[in-house]
Every structure is written in structure tokens, then in C-alpha cells.
Amino acid sequence: MTRLSQFIRENTEPILAEWDTFARSLPMAADMDFDALRDHAREMLQVIASDLETPQSTKEQSHKAQGGSDAPHGDARQVRTAAQEHGAGRAEHGFNVGQMVSEFRALRASVIRLWSRTLQEADLTDLADLTRFNEAIDQAIAESVVRFTTDIAESKERFLAILAHDLRTPLGAIITSTKFMLDNGELEEPNRTLVQRLGTSARRMNQMVLDLLDFTRTRFGDSIPIVRSEADARKIVHDVIAEVAATYPGARVRVETSGDLHGSWDGDRLTQALINLIANAAQHGSDKAPIMVEAHGHDREVEIAVQNEGPEIPPDQVGQIFEAMKHTSGGSSRDRRHLGLGLYIVDKIVDAHGGSIDVKSSKQDGTTFTVRLPRR
């Protein structure tokens, strides 16, 4: 009787030939380095054969069934398995997850089909081998998918970072040029209105670029950098409202301030956070009611609240409101026009200052975001 591990070692080439035929039928096959990929598949088969020949306790089997690895101990970041290499290669060559997983399905089917032809009848040992073989294939799929999705996510975010960085220079030139033409005072209608709209659009685009840069920075594990200095939240609030008025001329904003609003914060970052909050209120709020901005100084902190009328945020979605790329089902049809990064960036900026932010939303009172910033 031929054990499955022995069969794999003795029939690696026929198994790889069947797998190779399937892989070459995939749409991306024309540009693939099949010699390298056969090496990955060969190594995976050898790892699986060795696994089948290694005694396994019930605890080890349970650990593997829950997604654990039986790779050698040590720094996992320095050990890339053949399955991980395969996932990285498939990500690089434009495969999707379904196509990559189908390759493992074909590899599994090839082994079982060829092996079953050699069996007169299966006994308990054969069934145990088959169970462990399926576990090993599942582990290889998990390793490959994790590596694939990680590489795809990193490449997307790297692309966004490069794109956002390269867009800032031409946008800066547009904003500076439109400001100069408007300040010069020589433009007549309708040219003046057209230049104002151009400047408004450029500022909106610039804010999106800044949000993209911060998003990619935090997704790569960095926190948003802040440089503290003495700042006046009252002045920041009024400057932000003037900026939002230029970008959203239809928005009405009312302000109420009280107490000492000074503290040690990053003024530019705080401005960015408040612009995002008030812009969010302008985008999702009701045109019939003004946006209310309140800033109050307390003993050890400053509290800033932004409230707008409009659709209620569903209770089951409030906890997700600060996640990137999230849109609430209770919002308007305009929601999908925005990246969904504004509130994510606000949360990161507030967190970098050691503060907190919460949101309350109801049909009666509208939606209120409240930021609490320690003075020091």
C-alpha cells in the first residue's frame, strides 16, 4: 500500500503537469513565469509530504484547524513559505483571489485523483492521510491569501500616497494663481465668478489630497504627526468658518464661544479636523437649518461641538462612522460622491492630541459631533 506522502514524492512531476495545464488556462497565463511558479508548487508539495510523515497530536491538529501554522519557530517575518511566495507572485501578476484559490483547488484535485487510482480500497490510514492532506492544503491557501491580500492592499495604498503627493504641486499653483487674480481686483464678471469657482474646486481637491496622504500614512502604521504650539481655538473656529464659506457658499454657520479657548495644539491639524467636521455637516445636513458650531473652555479641556439637522445616522452604524471609506445608509444620495475619509482623519487628529470625539444622532436633534481636547 502506498501512503499518500510517498505517492506525492514519487509522482510530483505528473501532479505538477496537471496543475500546470490548469494554470496555463487562466487569463493571465501569457505573462507568467511558470518555471518559478512550478518551483513554488513543488516546494508546497514537499512541505505537505513532510507534514504527512510527521506525527501530529490532537492539540496540534486543533491549532492547525484554527488557522495556526506548523512552520518552524522563530521570527515569522523572516520566514516566507512557498505558499506565501505564490500569493505574492499572483498579486504581482494581476490575479484575483478567486483565480488563485482555484489553483489550489486544482492542485488538491490532481493529487487526490491520481492517488485514488493507485488504491485497491481505502482504509482508516488512508482516510487519516486524506484528512491531513486537506488540512495542509487549507493552510497553504490561508498563507497564500494572507500574503496576496496584504501585498494588494499595500500596493493600492502606496499608489494613493504617490498620487496624492504628486497632485499637491499643481493644485497649489492653481490655488495661488486664483487667489492672486481675485486679490488683484481687476477681474470683471463673469470672469470673477469663474475664477472663484475654480479656486473653490481646487481647495476641495486639495483637502481630498491631504486626507489621502493622511489615510495612507496611518494605514501603513504611522500616526498623524502633530507639532504643538500655543493656539487659540476661537480664532481657529472663525478662520475655519470663513474657509468653509468659500468652499460651500450655500452653507449657513452660526457660532457660539465661551470661556478660555487657549491650549497647546497643532493649529494646522486642528484647522484640518474642523474643516472636515463642518464640511461633513454641510454635505449631509439640511439646507433649511444652519450648522451650529459651539466652542467652550473648561478647566482642563476645550470642547468643540458641530451640529447639523438632517437624516439620522442609524444606531447600528454610529460605531462605524469614523472608519475609512464608510458611508451610512441613512445619508443622502450625495454620500457616494465623497471618499469617506473626512471623519476618519478627524478621529486620528483628535487621538494624536490625546483627545476624544463622540457623535449623537436623532431625528429630533440632528447629528452632533463633540470634540474634547486637553489644553496640555
# chains A, B, ... in the order shown; residues from 1 in each chain; ligands from 1
call {"tool": "residues_around", "arguments": {"residues": "His40 of chain A", "least_positions_apart": "5", "cutoff": "8 Å", "atoms": "only C-alpha atoms", "output": "list in words"}}
result
Ala82, Ala83, Glu85 and His86 of chain A
call {"tool": "write_last_selection", "arguments": {"atoms": "N, CA, C and O atoms", "output": "PDB file, in the first residue's frame"}}
result
ATOM      1  N   ALA A  82       6.519  28.726   0.783  1.00  0.00           N
ATOM      2  CA  ALA A  82       6.266  28.639  -0.654  1.00  0.00           C
ATOM      3  C   ALA A  82       4.871  29.156  -0.990  1.00  0.00           C
ATOM      4  O   ALA A  82       4.664  29.788  -2.026  1.00  0.00           O
ATOM      5  N   ALA A  83       3.899  28.886  -0.100  1.00  0.00           N
ATOM      6  CA  ALA A  83       2.540  29.375  -0.327  1.00  0.00           C
ATOM      7  C   ALA A  83       2.495  30.899  -0.305  1.00  0.00           C
ATOM      8  O   ALA A  83       1.793  31.532  -1.103  1.00  0.00           O
ATOM      9  N   GLU A  85       5.046  32.902  -1.018  1.00  0.00           N
ATOM     10  CA  GLU A  85       5.709  33.340  -2.249  1.00  0.00           C
ATOM     11  C   GLU A  85       4.750  33.245  -3.433  1.00  0.00           C
ATOM     12  O   GLU A  85       4.735  34.112  -4.315  1.00  0.00           O
ATOM     13  N   HIS A  86       3.954  32.186  -3.447  1.00  0.00           N
ATOM     14  CA  HIS A  86       2.993  32.006  -4.527  1.00  0.00           C
ATOM     15  C   HIS A  86       1.951  33.131  -4.504  1.00  0.00           C
ATOM     16  O   HIS A  86       1.607  33.703  -5.545  1.00  0.00           O
TER      17      HIS A  86
END
call {"tool": "select_by_dssp", "arguments": {"residues": "segment 229-363 of chain A", "states": "helix (DSSP H, G or I)", "output": "MDAnalysis selection string"}}
result
chainID A and resid 233:247 267:284 315:320 335:337 342:352
call {"tool": "write_last_selection", "arguments": {"atoms": "N, CA and C atoms", "output": "compact mmCIF listing (two decimals), in the first residue's frame"}}
result
# COMPACT_ATOMS: atom_id res chain seq x y z
N ALA A 233 -8.34 78.46 20.01
CA ALA A 233 -9.40 77.73 19.32
C ALA A 233 -10.47 78.67 18.79
N ARG A 234 -10.67 79.81 19.47
CA ARG A 234 -11.68 80.77 18.98
C ARG A 234 -11.29 81.29 17.60
N LYS A 235 -10.04 81.68 17.44
CA LYS A 235 -9.57 82.17 16.15
C LYS A 235 -9.61 81.06 15.09
N ILE A 236 -9.22 79.86 15.50
CA ILE A 236 -9.22 78.74 14.55
C ILE A 236 -10.63 78.48 14.05
N VAL A 237 -11.62 78.50 14.95
CA VAL A 237 -13.00 78.24 14.57
C VAL A 237 -13.48 79.28 13.55
N HIS A 238 -13.21 80.57 13.82
CA HIS A 238 -13.66 81.62 12.90
C HIS A 238 -12.94 81.53 11.55
N ASP A 239 -11.66 81.20 11.57
CA ASP A 239 -10.92 81.04 10.30
C ASP A 239 -11.47 79.87 9.50
N VAL A 240 -11.81 78.78 10.19
CA VAL A 240 -12.36 77.60 9.51
C VAL A 240 -13.70 77.93 8.88
N ILE A 241 -14.54 78.66 9.58
CA ILE A 241 -15.85 79.01 9.06
C ILE A 241 -15.71 79.87 7.80
N ALA A 242 -14.75 80.78 7.80
CA ALA A 242 -14.50 81.59 6.60
C ALA A 242 -14.06 80.72 5.44
N GLU A 243 -13.22 79.71 5.73
CA GLU A 243 -12.75 78.80 4.70
C GLU A 243 -13.90 77.95 4.15
N VAL A 244 -14.74 77.44 5.05
CA VAL A 244 -15.88 76.62 4.61
C VAL A 244 -16.87 77.46 3.81
N ALA A 245 -17.06 78.72 4.20
CA ALA A 245 -17.98 79.60 3.47
C ALA A 245 -17.52 79.79 2.04
N ALA A 246 -16.19 79.83 1.83
CA ALA A 246 -15.67 79.99 0.47
C ALA A 246 -15.86 78.71 -0.34
N THR A 247 -15.77 77.56 0.34
CA THR A 247 -15.89 76.28 -0.36
C THR A 247 -17.35 75.85 -0.51
N GLY A 267 -2.08 73.84 15.46
CA GLY A 267 -3.12 74.68 14.88
C GLY A 267 -3.53 74.25 13.49
N ASP A 268 -2.56 73.85 12.66
CA ASP A 268 -2.88 73.43 11.29
C ASP A 268 -3.71 72.15 11.29
N ARG A 269 -3.33 71.20 12.15
CA ARG A 269 -4.07 69.94 12.21
C ARG A 269 -5.47 70.15 12.78
N LEU A 270 -5.58 71.01 13.80
CA LEU A 270 -6.89 71.29 14.37
C LEU A 270 -7.78 71.97 13.33
N THR A 271 -7.19 72.87 12.54
CA THR A 271 -7.93 73.50 11.45
C THR A 271 -8.43 72.46 10.46
N GLN A 272 -7.56 71.52 10.09
CA GLN A 272 -7.93 70.45 9.16
C GLN A 272 -9.10 69.63 9.71
N ALA A 273 -9.04 69.30 10.99
CA ALA A 273 -10.10 68.49 11.60
C ALA A 273 -11.44 69.24 11.60
N LEU A 274 -11.41 70.52 11.94
CA LEU A 274 -12.66 71.28 12.00
C LEU A 274 -13.23 71.53 10.60
N ILE A 275 -12.34 71.75 9.62
CA ILE A 275 -12.82 71.88 8.24
C ILE A 275 -13.55 70.61 7.82
N ASN A 276 -12.98 69.45 8.16
CA ASN A 276 -13.62 68.18 7.79
C ASN A 276 -14.96 68.02 8.49
N LEU A 277 -15.03 68.41 9.77
CA LEU A 277 -16.28 68.27 10.52
C LEU A 277 -17.37 69.17 9.95
N ILE A 278 -17.02 70.44 9.72
CA ILE A 278 -18.04 71.38 9.23
C ILE A 278 -18.40 71.08 7.78
N ALA A 279 -17.41 70.67 6.98
CA ALA A 279 -17.71 70.27 5.61
C ALA A 279 -18.63 69.06 5.60
N ASN A 280 -18.42 68.12 6.52
CA ASN A 280 -19.29 66.96 6.64
C ASN A 280 -20.72 67.39 6.96
N ALA A 281 -20.84 68.38 7.86
CA ALA A 281 -22.17 68.90 8.20
C ALA A 281 -22.81 69.59 7.00
N ALA A 282 -22.01 70.30 6.21
CA ALA A 282 -22.54 70.98 5.02
C ALA A 282 -23.00 69.97 3.98
N GLN A 283 -22.27 68.86 3.85
CA GLN A 283 -22.60 67.85 2.85
C GLN A 283 -23.86 67.07 3.21
N HIS A 284 -24.02 66.75 4.50
CA HIS A 284 -25.09 65.84 4.91
C HIS A 284 -26.23 66.52 5.64
N PRO A 315 -28.54 53.80 14.36
CA PRO A 315 -27.81 53.42 15.58
C PRO A 315 -26.77 52.33 15.36
N ASP A 316 -27.06 51.37 14.48
CA ASP A 316 -26.12 50.27 14.26
C ASP A 316 -24.91 50.69 13.44
N GLN A 317 -24.91 51.94 12.92
CA GLN A 317 -23.80 52.40 12.11
C GLN A 317 -22.98 53.50 12.79
N VAL A 318 -23.45 53.96 13.95
CA VAL A 318 -22.73 55.02 14.65
C VAL A 318 -21.32 54.58 15.01
N GLY A 319 -21.16 53.32 15.40
CA GLY A 319 -19.84 52.82 15.78
C GLY A 319 -18.87 52.73 14.63
N GLN A 320 -19.37 52.79 13.39
CA GLN A 320 -18.50 52.68 12.22
C GLN A 320 -18.24 54.02 11.55
N ASP A 335 -23.82 61.07 -0.64
CA ASP A 335 -22.76 60.42 0.14
C ASP A 335 -21.71 59.77 -0.73
N ARG A 336 -22.13 59.09 -1.80
CA ARG A 336 -21.22 58.29 -2.60
C ARG A 336 -20.25 59.14 -3.41
N ARG A 337 -20.47 60.45 -3.44
CA ARG A 337 -19.55 61.30 -4.18
C ARG A 337 -18.29 61.59 -3.38
N GLY A 342 -13.04 61.92 5.59
CA GLY A 342 -13.03 63.11 6.44
C GLY A 342 -13.11 62.81 7.92
N LEU A 343 -14.10 62.02 8.33
CA LEU A 343 -14.28 61.72 9.75
C LEU A 343 -13.17 60.81 10.26
N TYR A 344 -12.67 59.94 9.40
CA TYR A 344 -11.54 59.08 9.77
C TYR A 344 -10.33 59.95 10.14
N ILE A 345 -10.06 60.97 9.32
CA ILE A 345 -8.93 61.86 9.59
C ILE A 345 -9.16 62.67 10.85
N VAL A 346 -10.40 63.14 11.05
CA VAL A 346 -10.73 63.89 12.28
C VAL A 346 -10.40 63.05 13.50
N ASP A 347 -10.84 61.81 13.49
CA ASP A 347 -10.62 60.91 14.64
C ASP A 347 -9.12 60.74 14.90
N LYS A 348 -8.32 60.58 13.84
CA LYS A 348 -6.89 60.39 14.01
C LYS A 348 -6.21 61.65 14.55
N ILE A 349 -6.65 62.82 14.09
CA ILE A 349 -6.06 64.08 14.57
C ILE A 349 -6.39 64.29 16.04
N VAL A 350 -7.65 64.06 16.40
CA VAL A 350 -8.06 64.23 17.80
C VAL A 350 -7.30 63.25 18.69
N ASP A 351 -7.18 62.01 18.24
CA ASP A 351 -6.45 61.00 19.00
C ASP A 351 -4.99 61.38 19.19
N ALA A 352 -4.38 61.96 18.14
CA ALA A 352 -2.97 62.38 18.25
C ALA A 352 -2.79 63.47 19.30
call {"tool": "closest_residue", "arguments": {"among": "A:Glu323, A:Asp166, A:Glu256, A:Glu312", "to": "Gly297 of chain A", "atoms": "only C-alpha atoms"}}
result
A:Glu256
call {"tool": "residues_around", "arguments": {"residues": "segment 105-119 of chain A", "least_positions_apart": "5", "cutoff": "8 Å", "atoms": "only C-alpha atoms", "output": "PDB file with all heavy atoms, in the first residue's frame"}}
result
ATOM      1  N   MET A   1       0.846  -1.193   0.000  1.00  0.00           N
ATOM      2  CA  MET A   1       0.000   0.000   0.000  1.00  0.00           C
ATOM      3  C   MET A   1       0.881   1.243   0.000  1.00  0.00           C
ATOM      4  O   MET A   1       1.819   1.338   0.783  1.00  0.00           O
ATOM      5  CB  MET A   1      -0.912   0.008   1.237  1.00  0.00           C
ATOM      6  CG  MET A   1      -1.825   1.222   1.306  1.00  0.00           C
ATOM      7  SD  MET A   1      -2.815   1.241   2.818  1.00  0.00           S
ATOM      8  CE  MET A   1      -1.547   1.511   4.051  1.00  0.00           C
ATOM      9  N   THR A   2       0.588   2.182  -0.897  1.00  0.00           N
ATOM     10  CA  THR A   2       1.379   3.407  -0.990  1.00  0.00           C
ATOM     11  C   THR A   2       0.739   4.505  -0.154  1.00  0.00           C
ATOM     12  O   THR A   2      -0.410   4.889  -0.394  1.00  0.00           O
ATOM     13  CB  THR A   2       1.473   3.881  -2.457  1.00  0.00           C
ATOM     14  OG1 THR A   2       2.042   2.842  -3.248  1.00  0.00           O
ATOM     15  CG2 THR A   2       2.330   5.126  -2.558  1.00  0.00           C
ATOM     16  N   LEU A   4       0.092   8.276   1.174  1.00  0.00           N
ATOM     17  CA  LEU A   4      -0.094   9.490   0.379  1.00  0.00           C
ATOM     18  C   LEU A   4       1.185  10.317   0.288  1.00  0.00           C
ATOM     19  O   LEU A   4       1.509  10.861  -0.781  1.00  0.00           O
ATOM     20  CB  LEU A   4      -1.241  10.331   0.966  1.00  0.00           C
ATOM     21  CG  LEU A   4      -1.578  11.634   0.242  1.00  0.00           C
ATOM     22  CD1 LEU A   4      -1.812  11.402  -1.240  1.00  0.00           C
ATOM     23  CD2 LEU A   4      -2.800  12.296   0.877  1.00  0.00           C
ATOM     24  N   PHE A   7       3.400   8.745  -2.228  1.00  0.00           N
ATOM     25  CA  PHE A   7       2.851   8.949  -3.567  1.00  0.00           C
ATOM     26  C   PHE A   7       3.180  10.362  -4.087  1.00  0.00           C
ATOM     27  O   PHE A   7       3.568  10.539  -5.242  1.00  0.00           O
ATOM     28  CB  PHE A   7       1.335   8.735  -3.548  1.00  0.00           C
ATOM     29  CG  PHE A   7       0.672   9.057  -4.862  1.00  0.00           C
ATOM     30  CD1 PHE A   7       0.650   8.131  -5.893  1.00  0.00           C
ATOM     31  CD2 PHE A   7       0.105  10.310  -5.074  1.00  0.00           C
ATOM     32  CE1 PHE A   7       0.060   8.443  -7.114  1.00  0.00           C
ATOM     33  CE2 PHE A   7      -0.484  10.619  -6.283  1.00  0.00           C
ATOM     34  CZ  PHE A   7      -0.501   9.691  -7.319  1.00  0.00           C
ATOM     35  N   ILE A   8       3.050  11.348  -3.202  1.00  0.00           N
ATOM     36  CA  ILE A   8       3.341  12.735  -3.613  1.00  0.00           C
ATOM     37  C   ILE A   8       4.805  12.867  -4.016  1.00  0.00           C
ATOM     38  O   ILE A   8       5.126  13.487  -5.039  1.00  0.00           O
ATOM     39  CB  ILE A   8       2.984  13.714  -2.479  1.00  0.00           C
ATOM     40  CG1 ILE A   8       1.461  13.788  -2.292  1.00  0.00           C
ATOM     41  CG2 ILE A   8       3.538  15.122  -2.767  1.00  0.00           C
ATOM     42  CD1 ILE A   8       1.018  14.616  -1.100  1.00  0.00           C
ATOM     43  N   ILE A  15       1.777  15.242 -11.063  1.00  0.00           N
ATOM     44  CA  ILE A  15       0.866  16.156 -10.352  1.00  0.00           C
ATOM     45  C   ILE A  15       1.052  17.586 -10.863  1.00  0.00           C
ATOM     46  O   ILE A  15       0.084  18.300 -11.178  1.00  0.00           O
ATOM     47  CB  ILE A  15       1.111  16.097  -8.834  1.00  0.00           C
ATOM     48  CG1 ILE A  15       0.720  14.725  -8.284  1.00  0.00           C
ATOM     49  CG2 ILE A  15       0.312  17.193  -8.121  1.00  0.00           C
ATOM     50  CD1 ILE A  15       1.159  14.484  -6.857  1.00  0.00           C
ATOM     51  N   LEU A  16       2.339  17.998 -10.973  1.00  0.00           N
ATOM     52  CA  LEU A  16       2.631  19.357 -11.441  1.00  0.00           C
ATOM     53  C   LEU A  16       2.197  19.544 -12.893  1.00  0.00           C
ATOM     54  O   LEU A  16       1.793  20.645 -13.284  1.00  0.00           O
ATOM     55  CB  LEU A  16       4.125  19.653 -11.304  1.00  0.00           C
ATOM     56  CG  LEU A  16       4.649  19.824  -9.878  1.00  0.00           C
ATOM     57  CD1 LEU A  16       6.158  20.067  -9.893  1.00  0.00           C
ATOM     58  CD2 LEU A  16       3.936  20.983  -9.180  1.00  0.00           C
ATOM     59  N   GLU A  18      -0.451  18.232 -14.381  1.00  0.00           N
ATOM     60  CA  GLU A  18      -1.890  18.522 -14.384  1.00  0.00           C
ATOM     61  C   GLU A  18      -2.157  19.932 -13.888  1.00  0.00           C
ATOM     62  O   GLU A  18      -2.979  20.666 -14.437  1.00  0.00           O
ATOM     63  CB  GLU A  18      -2.634  17.497 -13.518  1.00  0.00           C
ATOM     64  CG  GLU A  18      -2.781  16.138 -14.160  1.00  0.00           C
ATOM     65  CD  GLU A  18      -4.014  15.408 -13.660  1.00  0.00           C
ATOM     66  OE1 GLU A  18      -4.883  16.065 -13.027  1.00  0.00           O
ATOM     67  OE2 GLU A  18      -4.119  14.196 -13.908  1.00  0.00           O
ATOM     68  N   TRP A  19      -1.466  20.308 -12.809  1.00  0.00           N
ATOM     69  CA  TRP A  19      -1.658  21.657 -12.258  1.00  0.00           C
ATOM     70  C   TRP A  19      -1.204  22.712 -13.261  1.00  0.00           C
ATOM     71  O   TRP A  19      -1.860  23.742 -13.438  1.00  0.00           O
ATOM     72  CB  TRP A  19      -0.856  21.790 -10.955  1.00  0.00           C
ATOM     73  CG  TRP A  19      -0.918  23.166 -10.367  1.00  0.00           C
ATOM     74  CD1 TRP A  19      -1.904  23.680  -9.573  1.00  0.00           C
ATOM     75  CD2 TRP A  19       0.043  24.208 -10.530  1.00  0.00           C
ATOM     76  NE1 TRP A  19      -1.614  24.966  -9.238  1.00  0.00           N
ATOM     77  CE2 TRP A  19      -0.421  25.322  -9.801  1.00  0.00           C
ATOM     78  CE3 TRP A  19       1.250  24.303 -11.208  1.00  0.00           C
ATOM     79  CZ2 TRP A  19       0.274  26.523  -9.738  1.00  0.00           C
ATOM     80  CZ3 TRP A  19       1.942  25.504 -11.153  1.00  0.00           C
ATOM     81  CH2 TRP A  19       1.468  26.597 -10.421  1.00  0.00           C
ATOM     82  N   PHE A  22      -3.784  23.401 -15.949  1.00  0.00           N
ATOM     83  CA  PHE A  22      -4.873  24.259 -15.469  1.00  0.00           C
ATOM     84  C   PHE A  22      -4.412  25.707 -15.355  1.00  0.00           C
ATOM     85  O   PHE A  22      -5.108  26.627 -15.787  1.00  0.00           O
ATOM     86  CB  PHE A  22      -5.375  23.766 -14.109  1.00  0.00           C
ATOM     87  CG  PHE A  22      -6.381  24.710 -13.476  1.00  0.00           C
ATOM     88  CD1 PHE A  22      -7.705  24.689 -13.878  1.00  0.00           C
ATOM     89  CD2 PHE A  22      -5.986  25.617 -12.506  1.00  0.00           C
ATOM     90  CE1 PHE A  22      -8.631  25.564 -13.315  1.00  0.00           C
ATOM     91  CE2 PHE A  22      -6.898  26.496 -11.942  1.00  0.00           C
ATOM     92  CZ  PHE A  22      -8.224  26.462 -12.342  1.00  0.00           C
ATOM     93  N   ASN A 134      -5.835  17.489   3.274  1.00  0.00           N
ATOM     94  CA  ASN A 134      -6.759  18.605   3.100  1.00  0.00           C
ATOM     95  C   ASN A 134      -6.454  19.738   4.068  1.00  0.00           C
ATOM     96  O   ASN A 134      -6.554  20.918   3.715  1.00  0.00           O
ATOM     97  CB  ASN A 134      -8.203  18.129   3.276  1.00  0.00           C
ATOM     98  CG  ASN A 134      -8.722  17.405   2.049  1.00  0.00           C
ATOM     99  OD1 ASN A 134      -8.486  17.831   0.924  1.00  0.00           O
ATOM    100  ND2 ASN A 134      -9.417  16.283   2.253  1.00  0.00           N
ATOM    101  N   ILE A 137      -3.420  21.573   2.654  1.00  0.00           N
ATOM    102  CA  ILE A 137      -3.798  22.426   1.525  1.00  0.00           C
ATOM    103  C   ILE A 137      -4.518  23.683   2.021  1.00  0.00           C
ATOM    104  O   ILE A 137      -4.253  24.801   1.546  1.00  0.00           O
ATOM    105  CB  ILE A 137      -4.695  21.655   0.531  1.00  0.00           C
ATOM    106  CG1 ILE A 137      -3.868  20.640  -0.262  1.00  0.00           C
ATOM    107  CG2 ILE A 137      -5.392  22.623  -0.424  1.00  0.00           C
ATOM    108  CD1 ILE A 137      -2.960  21.259  -1.305  1.00  0.00           C
TER     109      ILE A 137
END
call {"tool": "closest_residue", "arguments": {"among": "A:Glu303, A:Glu103, A:Ala140, A:Gly285", "to": "Lys363 of chain A", "atoms": "only C-alpha atoms"}}
result
A:Gly285
call {"tool": "decode", "arguments": {"residues": "segment 214-237 of chain A", "atoms": "N, CA, C and O atoms", "output": "tab-separated table (two decimals), in the first residue's frame"}}
result
chain	number	residue	atom	x	y	z
A	214	ASP	N	-2.89	61.51	4.59
A	214	ASP	CA	-3.00	61.09	5.99
A	214	ASP	C	-3.54	59.68	6.10
A	214	ASP	O	-3.12	58.90	6.97
A	215	PHE	N	-4.47	59.33	5.22
A	215	PHE	CA	-5.02	57.97	5.23
A	215	PHE	C	-3.95	56.93	4.97
A	215	PHE	O	-3.82	55.95	5.69
A	216	THR	N	-3.15	57.16	3.92
A	216	THR	CA	-2.11	56.19	3.59
A	216	THR	C	-1.05	56.13	4.69
A	216	THR	O	-0.51	55.07	4.99
A	217	ARG	N	-0.76	57.27	5.30
A	217	ARG	CA	0.23	57.29	6.38
A	217	ARG	C	-0.23	56.43	7.55
A	217	ARG	O	0.52	55.61	8.08
A	218	THR	N	-1.50	56.59	7.96
A	218	THR	CA	-2.00	55.82	9.10
A	218	THR	C	-2.20	54.36	8.75
A	218	THR	O	-2.02	53.48	9.60
A	219	ARG	N	-2.55	54.05	7.51
A	219	ARG	CA	-2.74	52.66	7.12
A	219	ARG	C	-1.42	51.90	7.07
A	219	ARG	O	-1.40	50.68	7.18
A	220	PHE	N	-0.31	52.60	6.90
A	220	PHE	CA	1.00	51.96	6.93
A	220	PHE	C	1.57	51.90	8.34
A	220	PHE	O	2.73	51.57	8.53
A	221	GLY	N	0.74	52.23	9.34
A	221	GLY	CA	1.16	52.06	10.72
A	221	GLY	C	1.64	53.31	11.42
A	221	GLY	O	1.96	53.26	12.61
A	222	ASP	N	1.74	54.43	10.71
A	222	ASP	CA	2.19	55.66	11.34
A	222	ASP	C	1.00	56.42	11.93
A	222	ASP	O	-0.13	56.27	11.47
A	223	SER	N	1.26	57.23	12.93
A	223	SER	CA	0.24	58.12	13.45
A	223	SER	C	0.35	59.47	12.75
A	223	SER	O	1.38	59.78	12.15
A	224	ILE	N	-0.70	60.25	12.82
A	224	ILE	CA	-0.65	61.58	12.21
A	224	ILE	C	0.28	62.46	13.05
A	224	ILE	O	0.08	62.61	14.26
A	225	PRO	N	1.31	63.05	12.45
A	225	PRO	CA	2.25	63.87	13.22
A	225	PRO	C	1.63	65.20	13.61
A	225	PRO	O	0.90	65.81	12.84
A	226	ILE	N	1.91	65.65	14.82
A	226	ILE	CA	1.45	66.97	15.25
A	226	ILE	C	2.62	67.73	15.85
A	226	ILE	O	3.54	67.15	16.42
A	227	VAL	N	2.60	69.05	15.67
A	227	VAL	CA	3.61	69.94	16.24
A	227	VAL	C	2.87	70.94	17.12
A	227	VAL	O	2.17	71.83	16.64
A	228	ARG	N	3.00	70.79	18.42
A	228	ARG	CA	2.25	71.63	19.35
A	228	ARG	C	2.85	73.02	19.50
A	228	ARG	O	4.07	73.19	19.48
A	229	SER	N	1.97	73.99	19.63
A	229	SER	CA	2.35	75.36	19.97
A	229	SER	C	1.12	76.02	20.58
A	229	SER	O	0.01	75.47	20.52
A	230	GLU	N	1.29	77.19	21.16
A	230	GLU	CA	0.16	77.88	21.74
A	230	GLU	C	-0.83	78.26	20.64
A	230	GLU	O	-0.45	78.83	19.62
A	231	ALA	N	-2.10	77.93	20.85
A	231	ALA	CA	-3.12	78.19	19.83
A	231	ALA	C	-4.40	78.69	20.48
A	231	ALA	O	-4.67	78.41	21.66
A	232	ASP	N	-5.17	79.42	19.70
A	232	ASP	CA	-6.45	79.98	20.16
A	232	ASP	C	-7.56	79.31	19.36
A	232	ASP	O	-7.72	79.56	18.16
A	233	ALA	N	-8.34	78.46	20.01
A	233	ALA	CA	-9.40	77.73	19.32
A	233	ALA	C	-10.47	78.67	18.79
A	233	ALA	O	-11.11	78.38	17.77
A	234	ARG	N	-10.67	79.81	19.47
A	234	ARG	CA	-11.68	80.77	18.98
A	234	ARG	C	-11.29	81.29	17.60
A	234	ARG	O	-12.12	81.34	16.68
A	235	LYS	N	-10.04	81.68	17.44
A	235	LYS	CA	-9.57	82.17	16.15
A	235	LYS	C	-9.61	81.06	15.09
A	235	LYS	O	-10.01	81.30	13.94
A	236	ILE	N	-9.22	79.86	15.50
A	236	ILE	CA	-9.22	78.74	14.55
A	236	ILE	C	-10.63	78.48	14.05
A	236	ILE	O	-10.86	78.28	12.85
A	237	VAL	N	-11.62	78.50	14.95
A	237	VAL	CA	-13.00	78.24	14.57
A	237	VAL	C	-13.48	79.28	13.55
A	237	VAL	O	-14.08	78.95	12.52
